[in-house]
$ cat data31.json   # JSON, C-alpha atoms and all ligand atoms
[["chain", "number", "residue", "atom", "x", "y", "z"],
["K", 83, "MET", "CA", -12.21, -11.92, -52.12],
["K", 84, "ARG", "CA", -9.38, -12.50, -49.73],
["K", 85, "THR", "CA", -8.48, -8.89, -49.34],
["K", 86, "PRO", "CA", -11.99, -7.59, -48.52],
["K", 87, "LEU", "CA", -12.43, -10.48, -46.08],
["K", 88, "LYS", "CA", -9.14, -9.60, -44.41],
["K", 89, "LEU", "CA", -10.12, -5.95, -44.32],
["K", 90, "GLY", "CA", -13.46, -6.90, -42.85],
["K", 91, "LEU", "CA", -11.79, -8.92, -40.15],
["K", 92, "PHE", "CA", -9.36, -6.11, -39.57],
["K", 93, "ALA", "CA", -12.24, -3.68, -39.16],
["K", 94, "LEU", "CA", -13.94, -6.08, -36.78],
["K", 95, "GLY", "CA", -10.68, -6.35, -34.90],
["K", 96, "LEU", "CA", -10.48, -2.58, -34.66],
["K", 97, "VAL", "CA", -14.01, -2.43, -33.34],
["K", 98, "ALA", "CA", -13.17, -5.11, -30.76],
["K", 99, "LEU", "CA", -9.97, -3.31, -29.83],
["K", 100, "PHE", "CA", -11.79, -0.02, -29.52],
["K", 101, "ALA", "CA", -14.50, -1.63, -27.42],
["K", 102, "ALA", "CA", -11.85, -3.19, -25.20],
["K", 103, "SER", "CA", -9.98, 0.10, -24.83],
["K", 104, "PHE", "CA", -13.19, 1.92, -24.16],
["K", 105, "GLY", "CA", -14.09, -0.61, -21.48],
["K", 106, "ALA", "CA", -10.65, -0.42, -19.96],
["K", 107, "GLY", "CA", -10.76, 3.36, -20.14],
["K", 108, "GLN", "CA", -14.00, 3.38, -18.28],
["K", 109, "LEU", "CA", -12.61, 1.01, -15.74],
["K", 110, "ALA", "CA", -9.28, 2.70, -15.19],
["K", 111, "GLY", "CA", -10.54, 6.14, -16.06],
["K", 112, "PRO", "CA", -8.66, 9.37, -16.14],
["K", 113, "THR", "CA", -6.76, 10.11, -13.00],
["K", 114, "THR", "CA", -6.44, 13.32, -11.11],
["K", 115, "THR", "CA", -3.86, 14.51, -8.69],
["K", 116, "ALA", "CA", -3.91, 12.53, -5.50],
["K", 117, "GLU", "CA", -5.29, 14.44, -2.59],
["K", 118, "GLU", "CA", -5.10, 13.90, 1.12],
["K", 119, "GLY", "CA", -6.33, 10.51, 2.13],
["K", 120, "ARG", "CA", -7.45, 9.52, -1.33],
["K", 121, "ASP", "CA", -4.40, 8.53, -3.29],
["K", 122, "MET", "CA", -5.31, 4.86, -3.34],
["K", 123, "THR", "CA", -8.05, 5.31, -5.84],
["K", 124, "THR", "CA", -8.24, 6.96, -9.19],
["K", 125, "ASP", "CA", -10.76, 9.71, -9.35],
["K", 126, "HIS", "CA", -13.07, 10.00, -12.28],
["K", 127, "GLY", "CA", -14.55, 13.41, -11.85],
["K", 128, "ASP", "CA", -18.24, 13.96, -12.24],
["K", 129, "PRO", "CA", -20.14, 11.10, -13.80],
["K", 130, "THR", "CA", -22.44, 11.90, -16.71],
["K", 131, "PRO", "CA", -25.94, 12.53, -15.38],
["K", 132, "GLY", "CA", -28.10, 9.44, -15.62],
["K", 133, "GLU", "CA", -25.13, 7.07, -15.74],
["K", 134, "PRO", "CA", -23.85, 5.07, -12.83],
["K", 135, "ALA", "CA", -20.67, 6.46, -11.29],
["K", 136, "PRO", "CA", -17.56, 4.79, -12.72],
["K", 137, "VAL", "CA", -15.79, 2.24, -10.60],
["K", 138, "ALA", "CA", -12.60, 3.55, -9.05],
["K", 139, "VAL", "CA", -9.69, 1.13, -9.24],
["K", 140, "PRO", "CA", -7.56, 0.97, -6.10],
["K", 141, "GLY", "CA", -3.78, 0.95, -6.34],
["K", 142, "GLY", "CA", -1.51, -2.05, -6.23],
["K", 143, "LEU", "CA", -3.64, -4.37, -8.34],
["K", 144, "GLN", "CA", -1.77, -3.87, -11.59],
["K", 145, "VAL", "CA", 1.80, -4.49, -12.67],
["K", 146, "ALA", "CA", 1.46, -1.68, -15.23],
["K", 147, "GLN", "CA", -0.52, 1.52, -15.19],
["K", 148, "ASP", "CA", -0.52, 4.84, -17.04],
["K", 149, "GLY", "CA", 2.48, 3.80, -19.12],
["K", 150, "TYR", "CA", 4.64, 2.73, -16.18],
["K", 151, "ARG", "CA", 5.51, -0.89, -15.52],
["K", 152, "LEU", "CA", 7.05, -2.64, -12.54],
["K", 153, "GLU", "CA", 9.67, -5.18, -13.51],
["K", 154, "LEU", "CA", 10.97, -7.58, -10.89],
["K", 155, "LEU", "CA", 14.54, -8.65, -11.63],
["K", 156, "THR", "CA", 14.67, -11.25, -8.88],
["K", 157, "PRO", "CA", 12.88, -14.56, -9.52],
["K", 158, "SER", "CA", 12.19, -15.48, -5.91],
["K", 159, "LEU", "CA", 12.55, -14.51, -2.27],
["K", 160, "SER", "CA", 14.56, -16.40, 0.31],
["K", 161, "THR", "CA", 13.38, -17.62, 3.70],
["K", 162, "ALA", "CA", 16.87, -18.70, 4.70],
["K", 163, "ALA", "CA", 18.97, -15.55, 4.50],
["K", 164, "ALA", "CA", 18.71, -11.97, 3.35],
["K", 165, "SER", "CA", 19.18, -11.90, -0.38],
["K", 166, "PRO", "CA", 18.99, -8.99, -2.80],
["K", 167, "LEU", "CA", 15.60, -8.07, -4.15],
["K", 168, "ARG", "CA", 16.02, -6.10, -7.36],
["K", 169, "LEU", "CA", 13.45, -4.33, -9.45],
["K", 170, "ARG", "CA", 12.99, -1.38, -11.73],
["K", 171, "VAL", "CA", 10.24, 0.82, -13.03],
["K", 172, "LEU", "CA", 9.99, 1.23, -16.77],
["K", 173, "GLY", "CA", 8.57, 4.48, -18.06],
["K", 174, "PRO", "CA", 6.32, 5.22, -21.03],
["K", 175, "ASP", "CA", 9.41, 5.30, -23.28],
["K", 176, "GLY", "CA", 10.42, 1.81, -22.13],
["K", 177, "ALA", "CA", 13.52, 3.06, -20.33],
["K", 178, "PRO", "CA", 14.08, 2.56, -16.60],
["K", 179, "VAL", "CA", 12.90, 5.51, -14.53],
["K", 180, "THR", "CA", 15.82, 7.12, -12.70],
["K", 181, "ALA", "CA", 14.23, 10.38, -11.51],
["K", 182, "TYR", "CA", 11.58, 10.43, -8.84],
["K", 183, "THR", "CA", 9.71, 12.94, -6.73],
["K", 184, "PRO", "CA", 10.01, 11.98, -3.05],
["K", 185, "THR", "CA", 6.77, 11.14, -1.26],
["K", 186, "HIS", "CA", 6.80, 10.69, 2.50],
["K", 187, "ASP", "CA", 10.55, 11.37, 2.50],
["K", 188, "LYS", "CA", 11.41, 8.59, 0.05],
["K", 189, "ASP", "CA", 11.65, 8.13, -3.69],
["K", 190, "LEU", "CA", 10.14, 4.67, -3.49],
["K", 191, "HIS", "CA", 8.36, 2.71, -0.80],
["K", 192, "LEU", "CA", 8.53, -1.04, -1.12],
["K", 193, "ILE", "CA", 5.92, -3.10, 0.64],
["K", 194, "LEU", "CA", 6.07, -6.87, 0.81],
["K", 195, "VAL", "CA", 3.34, -9.04, 2.19],
["K", 196, "ARG", "CA", 2.43, -12.66, 1.78],
["K", 197, "ARG", "CA", -0.84, -13.35, -0.02],
["K", 198, "ASP", "CA", -2.44, -14.31, 3.29],
["K", 199, "LEU", "CA", -1.51, -10.83, 4.63],
["K", 200, "ASP", "CA", 1.15, -12.26, 6.90],
["K", 201, "GLY", "CA", 4.82, -11.24, 6.89],
["K", 202, "TYR", "CA", 4.38, -7.53, 6.18],
["K", 203, "GLN", "CA", 7.53, -5.53, 5.48],
["K", 204, "HIS", "CA", 7.93, -1.90, 4.52],
["K", 205, "VAL", "CA", 11.43, -1.15, 3.27],
["K", 206, "HIS", "CA", 13.30, 1.42, 1.21],
["K", 207, "PRO", "CA", 15.66, 0.09, -1.44],
["K", 208, "GLU", "CA", 18.62, 1.93, -2.91],
["K", 209, "LEU", "CA", 18.42, 3.30, -6.44],
["K", 210, "GLY", "CA", 21.33, 2.63, -8.79],
["K", 211, "SER", "CA", 22.24, 4.95, -11.63],
["K", 212, "ASP", "CA", 20.84, 2.33, -14.03],
["K", 213, "GLY", "CA", 17.38, 2.68, -12.50],
["K", 214, "VAL", "CA", 17.60, -0.62, -10.61],
["K", 215, "TRP", "CA", 16.32, -0.60, -7.03],
["K", 216, "GLU", "CA", 17.94, -3.07, -4.66],
["K", 217, "ILE", "CA", 17.58, -4.13, -1.06],
["K", 218, "PRO", "CA", 18.42, -7.29, 0.86],
["K", 219, "VAL", "CA", 15.26, -9.06, 1.99],
["K", 220, "ARG", "CA", 14.54, -12.16, 3.98],
["K", 221, "THR", "CA", 10.98, -13.39, 4.23],
["K", 222, "PRO", "CA", 9.72, -15.05, 7.40],
["K", 223, "GLY", "CA", 7.89, -17.87, 5.66],
["K", 224, "ALA", "CA", 7.44, -19.57, 2.32],
["K", 225, "GLY", "CA", 4.56, -18.69, 0.06],
["K", 226, "GLN", "CA", 3.44, -16.30, -2.60],
["K", 227, "TYR", "CA", 4.26, -12.67, -1.82],
["K", 228, "ARG", "CA", 2.90, -9.43, -3.21],
["K", 229, "VAL", "CA", 5.44, -6.71, -3.91],
["K", 230, "PHE", "CA", 4.13, -3.13, -4.01],
["K", 231, "ALA", "CA", 6.18, -0.26, -5.37],
["K", 232, "ASP", "CA", 4.73, 3.07, -4.26],
["K", 233, "PHE", "CA", 6.43, 5.98, -6.02],
["K", 234, "GLN", "CA", 5.99, 9.18, -8.01],
["K", 235, "PRO", "CA", 8.02, 9.46, -11.21],
["K", 236, "ALA", "CA", 9.49, 12.92, -11.77],
["K", 237, "GLY", "CA", 7.21, 14.73, -14.14],
["K", 238, "LEU", "CA", 4.09, 12.83, -13.13],
["K", 239, "ASP", "CA", 1.62, 14.76, -11.01],
["K", 240, "ARG", "CA", 0.60, 11.83, -8.84],
["K", 241, "SER", "CA", 1.99, 8.74, -7.21],
["K", 242, "LEU", "CA", 1.47, 5.23, -8.50],
["K", 243, "THR", "CA", 1.39, 1.91, -6.74],
["K", 244, "LEU", "CA", 2.27, -1.04, -8.95],
["K", 245, "GLY", "CA", 2.12, -4.60, -7.69],
["K", 246, "ALA", "CA", 3.59, -7.94, -8.72],
["K", 247, "ASP", "CA", 3.73, -11.41, -7.21],
["K", 248, "LEU", "CA", 6.96, -13.04, -6.12],
["K", 249, "PRO", "CA", 7.30, -16.52, -4.63],
["K", 250, "ALA", "CA", 9.31, -17.60, -1.62],
["K", 251, "PRO", "CA", 9.85, -21.30, -2.36],
["K", 252, "GLY", "CA", 9.09, -23.83, 0.34],
["K", 253, "LEU", "CA", 6.17, -25.32, 2.13],
["K", 254, "TYR", "CA", 3.45, -22.71, 2.30],
["K", 255, "GLU", "CA", 1.43, -22.83, 5.49],
["K", 256, "PRO", "CA", -1.14, -20.07, 5.14],
["K", 257, "ALA", "CA", -2.04, -18.22, 8.31],
["K", 258, "PRO", "CA", -5.69, -17.42, 9.01],
["K", 259, "LEU", "CA", -6.43, -13.72, 9.01],
["K", 260, "PRO", "CA", -6.42, -12.48, 12.62],
["K", 261, "THR", "CA", -9.82, -11.66, 14.08],
["K", 262, "PRO", "CA", -10.92, -8.01, 13.84],
["K", 263, "SER", "CA", -9.56, -6.14, 16.83],
["K", 264, "ARG", "CA", -9.32, -2.65, 18.29],
["K", 265, "THR", "CA", -5.94, -3.31, 19.80],
["K", 266, "ALA", "CA", -2.62, -4.56, 18.50],
["K", 267, "THR", "CA", 0.39, -5.49, 20.59],
["K", 268, "VAL", "CA", 3.96, -5.20, 19.40],
["K", 269, "ASP", "CA", 6.80, -5.71, 21.88],
["K", 270, "ASP", "CA", 5.91, -3.56, 24.94],
["K", 271, "TYR", "CA", 3.50, -1.41, 22.99],
["K", 272, "VAL", "CA", -0.27, -1.58, 22.72],
["K", 273, "VAL", "CA", -1.88, 0.41, 19.93],
["K", 274, "THR", "CA", -5.60, 1.13, 20.06],
["K", 275, "LEU", "CA", -7.71, 1.80, 17.00],
["K", 276, "ASP", "CA", -10.67, 4.21, 17.08],
["K", 277, "GLY", "CA", -12.86, 5.01, 14.12],
["K", 278, "ASP", "CA", -14.49, 2.92, 11.44],
["K", 279, "LEU", "CA", -13.87, 2.13, 7.81],
["K", 280, "VAL", "CA", -16.71, 3.40, 5.65],
["K", 281, "PRO", "CA", -16.68, 2.55, 1.92],
["K", 282, "GLY", "CA", -16.61, 5.56, -0.37],
["K", 283, "THR", "CA", -16.33, 8.05, 2.47],
["K", 284, "SER", "CA", -13.29, 9.57, 4.08],
["K", 285, "SER", "CA", -13.33, 8.66, 7.72],
["K", 286, "VAL", "CA", -11.01, 9.40, 10.58],
["K", 287, "LEU", "CA", -8.94, 6.70, 12.21],
["K", 288, "THR", "CA", -7.19, 7.52, 15.46],
["K", 289, "LEU", "CA", -4.41, 5.25, 16.61],
["K", 290, "THR", "CA", -3.25, 5.65, 20.19],
["K", 291, "VAL", "CA", 0.12, 4.32, 21.26],
["K", 292, "ALA", "CA", 0.87, 3.18, 24.81],
["K", 293, "LYS", "CA", 3.95, 1.54, 26.26],
["K", 294, "ASP", "CA", 3.76, -0.45, 29.46],
["K", 295, "GLY", "CA", 0.30, 1.01, 29.99],
["K", 296, "GLU", "CA", 1.45, 4.64, 29.70],
["K", 297, "PRO", "CA", 0.60, 6.91, 26.77],
["K", 298, "VAL", "CA", 3.58, 7.53, 24.51],
["K", 299, "THR", "CA", 4.05, 11.26, 23.98],
["K", 300, "ASP", "CA", 7.49, 11.29, 22.41],
["K", 301, "LEU", "CA", 7.02, 9.46, 19.15],
["K", 302, "GLN", "CA", 9.74, 10.22, 16.65],
["K", 303, "PRO", "CA", 9.07, 11.39, 13.11],
["K", 304, "TYR", "CA", 9.16, 8.59, 10.61],
["K", 305, "LEU", "CA", 8.70, 9.28, 6.90],
["K", 306, "ALA", "CA", 7.74, 12.89, 7.64],
["K", 307, "ALA", "CA", 4.98, 11.87, 10.02],
["K", 308, "TYR", "CA", 4.48, 10.31, 13.44],
["K", 309, "GLY", "CA", 3.02, 7.23, 11.83],
["K", 310, "HIS", "CA", 2.75, 5.59, 8.47],
["K", 311, "LEU", "CA", -0.36, 3.59, 7.63],
["K", 312, "VAL", "CA", -0.97, 1.14, 4.83],
["K", 313, "ALA", "CA", -4.25, -0.71, 4.37],
["K", 314, "LEU", "CA", -4.60, -3.86, 2.29],
["K", 315, "ARG", "CA", -7.91, -5.36, 1.29],
["K", 316, "ASP", "CA", -8.35, -9.02, 2.10],
["K", 317, "GLY", "CA", -9.10, -11.02, -1.04],
["K", 318, "ASP", "CA", -7.16, -9.08, -3.65],
["K", 319, "LEU", "CA", -4.63, -7.03, -1.64],
["K", 320, "ALA", "CA", -5.81, -3.71, -3.03],
["K", 321, "TYR", "CA", -3.39, -1.15, -1.60],
["K", 322, "LEU", "CA", -4.26, 2.04, 0.24],
["K", 323, "HIS", "CA", -1.56, 4.41, 1.36],
["K", 324, "VAL", "CA", -3.20, 6.48, 4.07],
["K", 325, "HIS", "CA", -2.21, 10.04, 4.85],
["K", 326, "PRO", "CA", -1.72, 11.26, 8.39],
["K", 327, "ASP", "CA", -3.53, 14.35, 9.54],
["K", 328, "GLY", "CA", -0.82, 16.96, 9.99],
["K", 329, "HIS", "CA", 2.92, 16.49, 10.25],
["K", 330, "PRO", "CA", 5.70, 17.06, 12.77],
["K", 331, "GLY", "CA", 6.48, 20.73, 13.24],
["K", 332, "ASP", "CA", 3.22, 22.11, 11.88],
["K", 333, "GLY", "CA", 2.39, 23.54, 15.29],
["K", 334, "ARG", "CA", -0.65, 21.41, 15.93],
["K", 335, "THR", "CA", 0.47, 17.80, 15.54],
["K", 336, "THR", "CA", 1.72, 16.23, 18.75],
["K", 337, "PRO", "CA", 4.21, 13.36, 18.94],
["K", 338, "GLY", "CA", 1.63, 10.97, 20.35],
["K", 339, "PRO", "CA", -0.07, 9.34, 21.95],
["K", 340, "GLN", "CA", -2.60, 9.80, 19.15],
["K", 341, "ILE", "CA", -1.90, 9.56, 15.45],
["K", 342, "VAL", "CA", -4.78, 10.62, 13.23],
["K", 343, "PHE", "CA", -5.36, 9.42, 9.68],
["K", 344, "HIS", "CA", -7.94, 9.98, 6.99],
["K", 345, "ILE", "CA", -8.87, 6.86, 5.14],
["K", 346, "GLU", "CA", -11.34, 6.07, 2.40],
["K", 347, "VAL", "CA", -11.76, 2.41, 1.56],
["K", 348, "PRO", "CA", -13.09, 1.52, -1.88],
["K", 349, "SER", "CA", -15.57, -1.16, -0.82],
["K", 350, "THR", "CA", -17.04, -3.15, 2.00],
["K", 351, "GLY", "CA", -14.91, -6.04, 3.12],
["K", 352, "THR", "CA", -12.10, -6.89, 5.46],
["K", 353, "TYR", "CA", -8.90, -4.90, 5.56],
["K", 354, "ARG", "CA", -5.57, -5.35, 7.27],
["K", 355, "LEU", "CA", -4.10, -2.11, 8.59],
["K", 356, "PHE", "CA", -0.36, -1.79, 9.16],
["K", 357, "LEU", "CA", 0.87, 1.12, 11.27],
["K", 358, "ASP", "CA", 4.59, 1.87, 11.31],
["K", 359, "PHE", "CA", 5.66, 4.11, 14.17],
["K", 360, "ARG", "CA", 9.03, 5.10, 15.56],
["K", 361, "HIS", "CA", 9.89, 5.35, 19.21],
["K", 362, "GLN", "CA", 13.26, 5.28, 20.94],
["K", 363, "ASP", "CA", 14.92, 4.86, 17.56],
["K", 364, "VAL", "CA", 13.10, 1.66, 16.63],
["K", 365, "VAL", "CA", 10.39, 1.40, 14.01],
["K", 366, "ARG", "CA", 7.70, -1.09, 14.87],
["K", 367, "THR", "CA", 4.62, -2.22, 13.03],
["K", 368, "ALA", "CA", 1.24, -2.72, 14.66],
["K", 369, "ALA", "CA", -1.36, -4.54, 12.57],
["K", 370, "PHE", "CA", -5.13, -4.63, 12.84],
["K", 371, "THR", "CA", -7.90, -6.43, 11.05],
["K", 372, "ALA", "CA", -10.86, -4.13, 10.45],
["K", 373, "VAL", "CA", -14.15, -4.61, 8.66],
["K", 374, "ALA", "CA", -15.71, -1.97, 6.42],
["K", 375, "GLY", "CA", -19.46, -2.27, 6.61],
["K", 376, "ASN", "CA", -22.20, -0.55, 4.68],
["K", 377, "ALA", "CA", -22.59, 3.15, 5.36],
["K", 378, "GLY", "CA", -24.77, 3.66, 8.39],
["K", 379, "ALA", "CA", -24.42, 0.09, 9.54],
["K", 380, "PRO", "CA", -22.25, -0.66, 12.54],
["K", 381, "SER", "CA", -18.89, -1.80, 11.24],
["K", 382, "SER", "CA", -16.52, -4.23, 12.85],
["K", 383, "PRO", "CA", -19.11, -5.41, 15.36],
["K", 384, "THR", "CA", -16.69, -7.91, 16.81],
["K", 385, "ALA", "CA", -13.79, -5.49, 16.95],
["K", 386, "THR", "CA", -14.14, -4.56, 20.59],
["K", 387, "VAL", "CA", -14.35, -8.14, 21.80],
["K", 388, "GLY", "CA", -11.84, -9.77, 19.48],
["K", 389, "PRO", "CA", -8.54, -11.04, 20.80],
["K", 390, "THR", "CA", -5.50, -8.86, 20.55],
["K", 391, "ALA", "CA", -3.87, -9.10, 17.17],
["K", 392, "THR", "CA", -0.43, -10.57, 17.18],
["K", 393, "VAL", "CA", 2.18, -8.54, 15.42],
["K", 394, "GLY", "CA", 5.87, -8.93, 14.98],
["K", 395, "PRO", "CA", 8.62, -6.39, 15.13],
["K", 396, "THR", "CA", 9.44, -4.62, 11.93],
["K", 397, "PRO", "CA", 12.56, -5.71, 10.08],
["K", 398, "THR", "CA", 15.77, -3.98, 11.04],
["K", 399, "GLU", "CA", 15.94, -2.13, 7.70],
["K", 400, "HIS", "CA", 13.56, 0.31, 9.28],
["K", 401, "GLY", "CA", 15.91, 1.34, 12.03],
["K", 402, "GLY", "CA", 17.94, 3.72, 9.92],
["K", 403, "HIS", "CA", 15.08, 5.75, 8.53],
["K", 404, "GLY", "CA", 13.51, 8.89, 9.69],
["C", 1, "CU", "CU", 8.12, 3.78, 2.87]]
$ encode --input "data31.json" --output "C-alpha cells" --more "lines below"
Ligand SMILES: [Cu+2]
Amino acid sequence: MRTPLKLGLFALGLVALFAASFGAGQLAGPTTTAEEGRDMTTDHGDPTPGEPAPVAVPGGLQVAQDGYRLELLTPSLSTAAASPLRLRVLGPDGAPVTAYTPTHDKDLHLILVRRDLDGYQHVHPELGSDGVWEIPVRTPGAGQYRVFADFQPAGLDRSLTLGADLPAPGLYEPAPLPTPSRTATVDDYVVTLDGDLVPGTSSVLTLTVAKDGEPVTDLQPYLAAYGHLVALRDGDLAYLHVHPDGHPGDGRTTPGPQIVFHIEVPSTGTYRLFLDFRHQDVVRTAAFTAVAGNAGAPSSPTATVGPTATVGPTPTEHGGHG
C-alpha cells in the first residue's frame, strides 16, 4: 500500500502545486508591453466578465520575475567610504544577462533607497563582459536599503524592475517620512509640484523648476529627457518609473521651467517622488511626499500647507551622465 499512498500524496502535491501556480499566475498575470506612463504595473488585459479585475503587481517588489533574477554579489553597503556594489541579472537559462536594450539612455538604472525612503540614489553601474554590474557606492546612513535594478534584457519586449534588500551596517536611526508638500528645495532650486496622484488612473504631474526665484528655462537633457521621475510607495517601496511627456528635440518639449509626467499609481497611499534634473552640468534630485486619495476625493489635502521638503544633492556619479 505504500506505493498508492505515495502516488496519492504525489497527486495531492500536484494539485497543491497547480493551485499555487494558478494563484501566482493570477496574481502576477501575463504581462504586456510597457506603454507610456504605465510600465510600473503589469497589465492583465480584459478581465473575464463577472469576475473582479485581477490585481496588478507593481515593479520592484520581487527579486525574481518572468524568469529573470537579481543577484547581489556584495553583502553590505558602506557608510564610511565608497565601496564597490556588484550585482548581476540571471536570465531564464541561469546565465548572467550580458545584452540589454537601453531604456532612458542606459542599459540599467540602479536605484538605492533606505527602507525609510531616505538616502535616495540613482546611479548607472558599468557592465563587465561577465555580466557583472559594478559601481562604487557610499550610503549616507546605516540601515536596510532597497536596491532596484530597472532594465530591459535584449530579446524581452518590456522592462523589468527587480528589487533586493542590502544592509548598511551600523546604528539605524530611521527618519520620519517628510510631510506631504507641493515644493521641494535642493541647493538654490525650488521645484513645485502640480497635479494629483489618482489610483488606477493616469494623471498628469507638472514639476516646475526655479532657481533663485526665477524660472529655469535651460534645463539640460538627462537620460533622454529634461527630468527623470521615480515614485516609491511608502510601506512596501513598490517602484514606479514615470515617463516624461515628450523629449528634447521633439519640437514641442521645452527645456523648462515645466517638466510634465504621466503617472498612474497602483493604490491609495503615500508615495515619495524623486525628480532628477540637470542644470548647469549638475544633476540634482528634488523629492516630494504625495498622497494618493480615492478617485474624486481631494488628494494630498495638506500638500499646500506642508513645510518644504528637505532634499540633498544627488551623488556625484550623476555628474557625468546625459
Ligand atoms: Cu537611470
$ residues_near_ligand --input "data31.json" --ligand "ligand CU 1 (chain C)" --cutoff "12 Å" --atoms "all atoms listed in the file" --output "mmCIF file with C-alpha atoms, in the coordinates of the input"
data_model
loop_
_atom_site.group_PDB
_atom_site.id
_atom_site.type_symbol
_atom_site.label_atom_id
_atom_site.label_comp_id
_atom_site.auth_asym_id
_atom_site.auth_seq_id
_atom_site.Cartn_x
_atom_site.Cartn_y
_atom_site.Cartn_z
ATOM 1 C CA PRO K 184 10.010 11.980 -3.050
ATOM 2 C CA THR K 185 6.770 11.140 -1.260
ATOM 3 C CA HIS K 186 6.800 10.690 2.500
ATOM 4 C CA ASP K 187 10.550 11.370 2.500
ATOM 5 C CA LYS K 188 11.410 8.590 0.050
ATOM 6 C CA ASP K 189 11.650 8.130 -3.690
ATOM 7 C CA LEU K 190 10.140 4.670 -3.490
ATOM 8 C CA HIS K 191 8.360 2.710 -0.800
ATOM 9 C CA LEU K 192 8.530 -1.040 -1.120
ATOM 10 C CA ILE K 193 5.920 -3.100 0.640
ATOM 11 C CA LEU K 194 6.070 -6.870 0.810
ATOM 12 C CA GLN K 203 7.530 -5.530 5.480
ATOM 13 C CA HIS K 204 7.930 -1.900 4.520
ATOM 14 C CA VAL K 205 11.430 -1.150 3.270
ATOM 15 C CA HIS K 206 13.300 1.420 1.210
ATOM 16 C CA PRO K 207 15.660 0.090 -1.440
ATOM 17 C CA PHE K 230 4.130 -3.130 -4.010
ATOM 18 C CA ALA K 231 6.180 -0.260 -5.370
ATOM 19 C CA ASP K 232 4.730 3.070 -4.260
ATOM 20 C CA PHE K 233 6.430 5.980 -6.020
ATOM 21 C CA THR K 243 1.390 1.910 -6.740
ATOM 22 C CA TYR K 304 9.160 8.590 10.610
ATOM 23 C CA LEU K 305 8.700 9.280 6.900
ATOM 24 C CA ALA K 306 7.740 12.890 7.640
ATOM 25 C CA ALA K 307 4.980 11.870 10.020
ATOM 26 C CA GLY K 309 3.020 7.230 11.830
ATOM 27 C CA HIS K 310 2.750 5.590 8.470
ATOM 28 C CA LEU K 311 -0.360 3.590 7.630
ATOM 29 C CA VAL K 312 -0.970 1.140 4.830
ATOM 30 C CA HIS K 323 -1.560 4.410 1.360
ATOM 31 C CA VAL K 324 -3.200 6.480 4.070
ATOM 32 C CA PHE K 356 -0.360 -1.790 9.160
ATOM 33 C CA LEU K 357 0.870 1.120 11.270
ATOM 34 C CA ASP K 358 4.590 1.870 11.310
ATOM 35 C CA PHE K 359 5.660 4.110 14.170
ATOM 36 C CA VAL K 365 10.390 1.400 14.010
ATOM 37 C CA GLU K 399 15.940 -2.130 7.700
ATOM 38 C CA HIS K 400 13.560 0.310 9.280
ATOM 39 C CA HIS K 403 15.080 5.750 8.530
ATOM 40 C CA GLY K 404 13.510 8.890 9.690
#
$ closest_residue --input "data31.json" --among "K:Gly331, K:Pro140, K:Pro251, K:Pro178" --to "Val214 of chain K" --atoms "only C-alpha atoms"
K:Pro178
$ residues_near_point --input "data31.json" --point "(6.2, 9.5, 18.5)" --cutoff "7 Å" --atoms "all atoms listed in the file" --output "ChimeraX atom specification"
/K:298-303,308,337-338,359-361
$ residues_around --input "data31.json" --residues "Arg354 of chain K" --least-positions-apart "2" --cutoff "7 Å" --atoms "only C-alpha atoms" --output "list in words"
Ala313, Leu314, Arg315, Asp316, Thr352, Phe356, Ala369, Phe370, Thr371 and Ala372 of chain K
$ axis_aligned_box --input "data31.json" --around "segment 350-357 of chain K" --padding-each-side "4 Å" --output "lines of an AutoDock Vina configuration file"
center_x = -8.1
center_y = -2.9
center_z = 6.6
size_x = 25.9
size_y = 16.0
size_z = 17.3
$ atom_distance --input "data31.json" --atom1 "atom CA of Pro157 of chain K" --atom2 "atom CA of Asp318 of chain K"
21.6 Å
$ residues_near_point --input "data31.json" --point "(9.0, 14.0, -9.5)" --cutoff "8 Å" --atoms "only C-alpha atoms" --output "list in words"
Ala181, Tyr182, Thr183, Pro184, Gln234, Pro235, Ala236, Gly237, Leu238 and Asp239 of chain K
$ atom_distance --input "data31.json" --atom1 "atom CA of Gly213 of chain K" --atom2 "atom CA of Val179 of chain K"
5.7 Å
$ decode --input "data31.json" --residues "segment 199-208 of chain K" --atoms "N, CA and C atoms" --output "PDB file, in the first residue's frame"
ATOM      1  N   LEU K 199      12.816  55.404   3.060  1.00  0.00           N
ATOM      2  CA  LEU K 199      12.741  56.306   1.901  1.00  0.00           C
ATOM      3  C   LEU K 199      13.722  57.471   1.976  1.00  0.00           C
ATOM      4  N   ASP K 200      14.692  57.357   2.843  1.00  0.00           N
ATOM      5  CA  ASP K 200      15.747  58.353   2.931  1.00  0.00           C
ATOM      6  C   ASP K 200      16.948  57.847   2.105  1.00  0.00           C
ATOM      7  N   GLY K 201      17.860  58.758   1.793  1.00  0.00           N
ATOM      8  CA  GLY K 201      19.114  58.363   1.152  1.00  0.00           C
ATOM      9  C   GLY K 201      18.976  57.849  -0.269  1.00  0.00           C
ATOM     10  N   TYR K 202      18.088  58.470  -1.043  1.00  0.00           N
ATOM     11  CA  TYR K 202      17.858  58.041  -2.430  1.00  0.00           C
ATOM     12  C   TYR K 202      19.075  58.293  -3.314  1.00  0.00           C
ATOM     13  N   GLN K 203      19.424  57.304  -4.113  1.00  0.00           N
ATOM     14  CA  GLN K 203      20.479  57.464  -5.115  1.00  0.00           C
ATOM     15  C   GLN K 203      20.042  56.780  -6.398  1.00  0.00           C
ATOM     16  N   HIS K 204      20.344  57.426  -7.504  1.00  0.00           N
ATOM     17  CA  HIS K 204      20.059  56.861  -8.823  1.00  0.00           C
ATOM     18  C   HIS K 204      21.374  56.880  -9.584  1.00  0.00           C
ATOM     19  N   VAL K 205      21.929  55.702  -9.829  1.00  0.00           N
ATOM     20  CA  VAL K 205      23.260  55.615 -10.420  1.00  0.00           C
ATOM     21  C   VAL K 205      23.249  54.625 -11.582  1.00  0.00           C
ATOM     22  N   HIS K 206      24.349  54.638 -12.340  1.00  0.00           N
ATOM     23  CA  HIS K 206      24.454  53.776 -13.508  1.00  0.00           C
ATOM     24  C   HIS K 206      25.766  53.011 -13.470  1.00  0.00           C
ATOM     25  N   PRO K 207      25.705  51.756 -13.064  1.00  0.00           N
ATOM     26  CA  PRO K 207      26.926  50.957 -12.969  1.00  0.00           C
ATOM     27  C   PRO K 207      27.475  50.580 -14.338  1.00  0.00           C
ATOM     28  N   GLU K 208      28.687  50.064 -14.316  1.00  0.00           N
ATOM     29  CA  GLU K 208      29.354  49.601 -15.536  1.00  0.00           C
ATOM     30  C   GLU K 208      29.159  48.091 -15.661  1.00  0.00           C
TER      31      GLU K 208
END
